[in-house]
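The block underneath contains the structure these notes are about, expressed in structure tokens.
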Amino acid sequence: MADTSGHDAAAAFDPLRPKLTRIAYRMLGSVADAEDVVQDAFLRWLDADRDAVREPEAYLRRVVTRLCLDQLKSARHRRETYIGPWLPEPVVETADDEIDDVTLPLMMALERLSPLERAAFLLHDVFGVGFEEVGKTIERDPATCRQLASRARDHVRAARPRFDMPKERGMQIAAAFFAASRNGDMQQLRTMLAADVVAYTDGGGKARAAGRPIVGLDRVMDVHAALANIFAENKSRLVRYGFINGLPGFVTIEHDETLQTTALQVEDGKIVAIYVTRNPDKLRHLGSRALH
């Protein structure tokens with residue numbers, strides 16, 4: 001008789017894979033690392049005594065979270081030695097996709113939390129897991145988990161979305177920003193930016209990028225005025241508009257053939273932050289998917 005155990009394991013695991021990947025990605029900020037963790041969890045699921053597992057989703061969530069906590073120990077060292085601003089790997093979605101409120105600014109704020117704070121906050125506040133189950137997952141008592149999540153909540157409060165903007169309006173702002181910045185319309189661009197706008201460019205030492213955040217309207221405008229000269233000679237090729245980690249933006253191929261994502265944080269009608277990812281290692285997962 002054929003061995004169906006592998007097939008049965010996959011049948012139980014595969015429906016949970018998207019949710020497990022979302023948990024891992026929000027823990028790690030890396031698509032590739034998240035996919036590796038989830039695949040590792042599947043291999044452990046194959047070897048597990050599955051008949052003894054009463055709740056496969058809770059069991060696998062524990063496995064994935066613990067693997068992520070292990071991964072974060074080495075990731076923290078890599079982030080400390082990272083060249084220039086660090087941004088999470090961009091996930092590009094369309095207006096038809098369901099966009100949750102774990103936006104790019106929140107993911108950056110999560111980087112400042114301890115791994116356990118991050119796990120408690122994500123599991124409870126984002127994925128709706130009770131503190132009893134969070135405790136089993138991260139091997140802490142529920143009261144401690146409640147404190148961890150509360151502390152995390154205080155740290156990330158400012159990064160939570162404060163303005164509910166219709167998706168269509170977000171795409172309009174992204175299109176207007178692309179047109180003004182690439183056509184050298186500095187007057188129009190200035191009207192779109194907040195006085196305290198900040199621009200982050202993640203090149204990771206592998207693509208040309210500013211070494212630190214650029215703060216303030218005048219400094220950001222100076223950068224775009226310089227870029228306008230480059231764009232005048234070498235046009236950016238728009239790949240597509242979309243939501244990048246929950247923020248309106250676009251994917252382009254720039255004059256040096258660098259694939260790039262640009263995400264815009266908009267509050268009260270003004271762009272308060274610009275997030276540009278140019279590190280090719282962080283864009284590899286987009287590949288051909290970004291080009292269609």
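Residues in the structure tokens are named by chain (A, B, ... in the order shown) and by number from 1 within that chain; ligands are numbered from 1 in the order shown.
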- For stretch 113-122 of chain A, work out the shell of residues within 6 Å, counting only C-alpha atoms and skipping chain neighbours fewer than 3 positions away, then give it as a list in words.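 With the cut-off at 6 Å, the set is Leu110, Asp125, Val126, Cys145, Leu148, Ala149 and Ala152 of chain A.
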Restricting the output to C-alpha atoms, write the selected residues as an mmCIF file, in the first residue's frame.
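Saved result, again.cif, follows:
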data_model
loop_
_atom_site.group_PDB
_atom_site.id
_atom_site.type_symbol
_atom_site.label_atom_id
_atom_site.label_comp_id
_atom_site.auth_asym_id
_atom_site.auth_seq_id
_atom_site.Cartn_x
_atom_site.Cartn_y
_atom_site.Cartn_z
ATOM 1 C CA LEU A 110 9.056 46.573 15.331
ATOM 2 C CA ASP A 125 -2.440 42.544 18.506
ATOM 3 C CA VAL A 126 -2.103 41.615 14.842
ATOM 4 C CA CYS A 145 3.164 38.161 27.654
ATOM 5 C CA LEU A 148 5.537 42.406 26.706
ATOM 6 C CA ALA A 149 2.676 43.309 24.343
ATOM 7 C CA ALA A 152 5.591 46.963 22.547
#
- Got a sec: who's within 9 Å of A:Gly6, counting only C-alpha atoms, leaving out chain neighbours fewer than 4 positions off, as number ranges by chain? A: 10-11, 46
Output N, CA and C atoms of each residue in that selection to a file, as a CSV table (one decimal), in the first residue's frame.
chain,number,residue,atom,x,y,z
A,10,ALA,N,1.0,17.4,4.0
A,10,ALA,CA,0.9,18.6,3.1
A,10,ALA,C,-0.5,19.1,3.1
A,11,ALA,N,-1.5,18.2,3.1
A,11,ALA,CA,-2.9,18.6,3.0
A,11,ALA,C,-3.3,19.4,4.2
A,46,LEU,N,6.5,17.2,9.1
A,46,LEU,CA,6.6,15.8,8.5
A,46,LEU,C,7.1,14.8,9.6
- Task: Check the DSSP output for the backbone and give back, as a ChimeraX atom specification, the residues of stretch 35-274 of chain A in alpha helix (DSSP H).
- Result: /A:35-47,56-80,104-110,115-121,131-138,142-156,167-183,186-192,217-233
Identify, on the basis of only C-alpha atoms, every residue whose closest approach to A:Arg219 does not exceed 12 Å; exclude the query and any residue fewer than 3 positions from it along the same chain; express the result as a tab-separated table (two decimals) with N, CA and C atoms, in the first residue's frame.
chain	number	residue	atom	x	y	z
A	190	ARG	N	6.94	70.12	-4.29
A	190	ARG	CA	7.00	70.80	-2.98
A	190	ARG	C	5.63	70.86	-2.33
A	193	LEU	N	4.73	67.61	-0.29
A	193	LEU	CA	5.55	67.12	0.83
A	193	LEU	C	5.27	67.91	2.11
A	195	ALA	N	6.35	69.54	5.79
A	195	ALA	CA	7.53	70.33	6.17
A	195	ALA	C	8.60	69.45	6.82
A	196	ASP	N	8.16	68.40	7.55
A	196	ASP	CA	9.12	67.54	8.25
A	196	ASP	C	9.29	66.19	7.55
A	197	VAL	N	9.11	66.18	6.24
A	197	VAL	CA	9.24	64.94	5.46
A	197	VAL	C	10.63	64.31	5.66
A	198	VAL	N	10.67	62.98	5.67
A	198	VAL	CA	11.92	62.24	5.79
A	198	VAL	C	12.01	61.24	4.64
A	199	ALA	N	13.19	61.17	4.01
A	199	ALA	CA	13.41	60.21	2.92
A	199	ALA	C	14.45	59.18	3.35
A	213	PRO	N	19.13	58.88	6.72
A	213	PRO	CA	17.85	59.51	6.34
A	213	PRO	C	18.05	60.99	6.03
A	214	ILE	N	17.29	61.47	5.07
A	214	ILE	CA	17.32	62.88	4.68
A	214	ILE	C	16.09	63.55	5.29
A	215	VAL	N	16.33	64.52	6.16
A	215	VAL	CA	15.26	65.07	6.99
A	215	VAL	C	14.95	66.51	6.60
A	216	GLY	N	13.66	66.82	6.42
A	216	GLY	CA	13.22	68.18	6.20
A	216	GLY	C	12.93	68.48	4.74
A	222	ASP	N	16.21	69.42	-2.30
A	222	ASP	CA	17.55	69.53	-2.91
A	222	ASP	C	17.94	68.21	-3.59
A	223	VAL	N	17.65	67.11	-2.91
A	223	VAL	CA	17.97	65.79	-3.48
A	223	VAL	C	17.18	65.57	-4.77
A	224	HIS	N	15.89	65.91	-4.74
A	224	HIS	CA	15.06	65.68	-5.93
A	224	HIS	C	15.43	66.63	-7.07
A	225	ALA	N	15.90	67.81	-6.73
A	225	ALA	CA	16.37	68.71	-7.79
A	225	ALA	C	17.58	68.12	-8.49
A	226	ALA	N	18.48	67.50	-7.71
A	226	ALA	CA	19.65	66.84	-8.32
A	226	ALA	C	19.23	65.63	-9.13
- Message: Could you pull out the strand (DSSP E) residues of stretch 27-215 of chain A, going by DSSP on the backbone, and write them as a list of chain:residue names?
- Response: A:Val92, A:Glu93, A:Leu193, A:Ala194, A:Ala195, A:Asp196, A:Val197, A:Val198, A:Ala199, A:Tyr200, A:Thr201, A:Asp202, A:Ile214, A:Val215
Closest-contact table, stretch 121-208 of chain A side, partner stretch 251-261 of chain A, 12 Å, counting only C-alpha atoms, as JSON lines:
{"residue": "A:Ala174", "atom": "CA", "partner": "A:Val251", "partner_atom": "CA", "distance": 10.6}
{"residue": "A:Ala175", "atom": "CA", "partner": "A:Val251", "partner_atom": "CA", "distance": 11.3}
{"residue": "A:Phe178", "atom": "CA", "partner": "A:Thr252", "partner_atom": "CA", "distance": 9.8}
{"residue": "A:Arg182", "atom": "CA", "partner": "A:Glu254", "partner_atom": "CA", "distance": 10.6}
{"residue": "A:Tyr200", "atom": "CA", "partner": "A:Thr261", "partner_atom": "CA", "distance": 11.6}
{"residue": "A:Thr201", "atom": "CA", "partner": "A:Thr261", "partner_atom": "CA", "distance": 9.9}
{"residue": "A:Asp202", "atom": "CA", "partner": "A:Gln260", "partner_atom": "CA", "distance": 9.8}
{"residue": "A:Gly203", "atom": "CA", "partner": "A:Gln260", "partner_atom": "CA", "distance": 9.8}
{"residue": "A:Lys206", "atom": "CA", "partner": "A:Thr258", "partner_atom": "CA", "distance": 10.6}
{"residue": "A:Ala207", "atom": "CA", "partner": "A:Thr258", "partner_atom": "CA", "distance": 7.9}
{"residue": "A:Arg208", "atom": "CA", "partner": "A:Thr258", "partner_atom": "CA", "distance": 9.4}
Please identify every residue of stretch 5-77 of chain A that has at least one atom no farther than 12 Å from an atom of stretch 230-250 of chain A, counting only C-alpha atoms, and for each give the shortest atom pair and the distance in Å to one decimal, arranged by chain then increasing number, as a tab-separated table.
residue	atom	partner	partner_atom	distance
A:Arg22	CA	A:Asn245	CA	11.7
A:Tyr25	CA	A:Asn245	CA	11.0
A:Arg26	CA	A:Asn245	CA	10.3
A:Gly29	CA	A:Asn245	CA	10.3
A:Ser30	CA	A:Asn245	CA	11.8
A:Val31	CA	A:Asn245	CA	11.7
- Query: Interatomic distance between atom CA of A:Lys19 and atom CA of A:Phe127?
  - Reply: 9.2 Å
- Task: Find the residue from A:Gly170, A:Val220, A:Ser181, A:Lys73 that sits nearest to A:Asp268; use only C-alpha atoms when measuring.
- Result: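 With only C-alpha atoms as the atom set, the closest residue is A:Gly170.
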- Item | Shell of 8 Å around A:Arg62, only C-alpha atoms, local chain residues under 2 positions omitted, as a list of chain:residue names |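 Here the qualifying residues turn out to be A:Ala58, A:Tyr59, A:Leu60, A:Val64, A:Thr65, A:Arg66, A:Lys136, A:Thr137, A:Ile138.
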- Query: Nearest to A:Phe13: which of A:Gln71, A:Ser150, A:Trp45, A:Asp40 is it, counting only C-alpha atoms?
  - Reply: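 Checking each candidate against A:Phe13, we get A:Trp45 as the closest.
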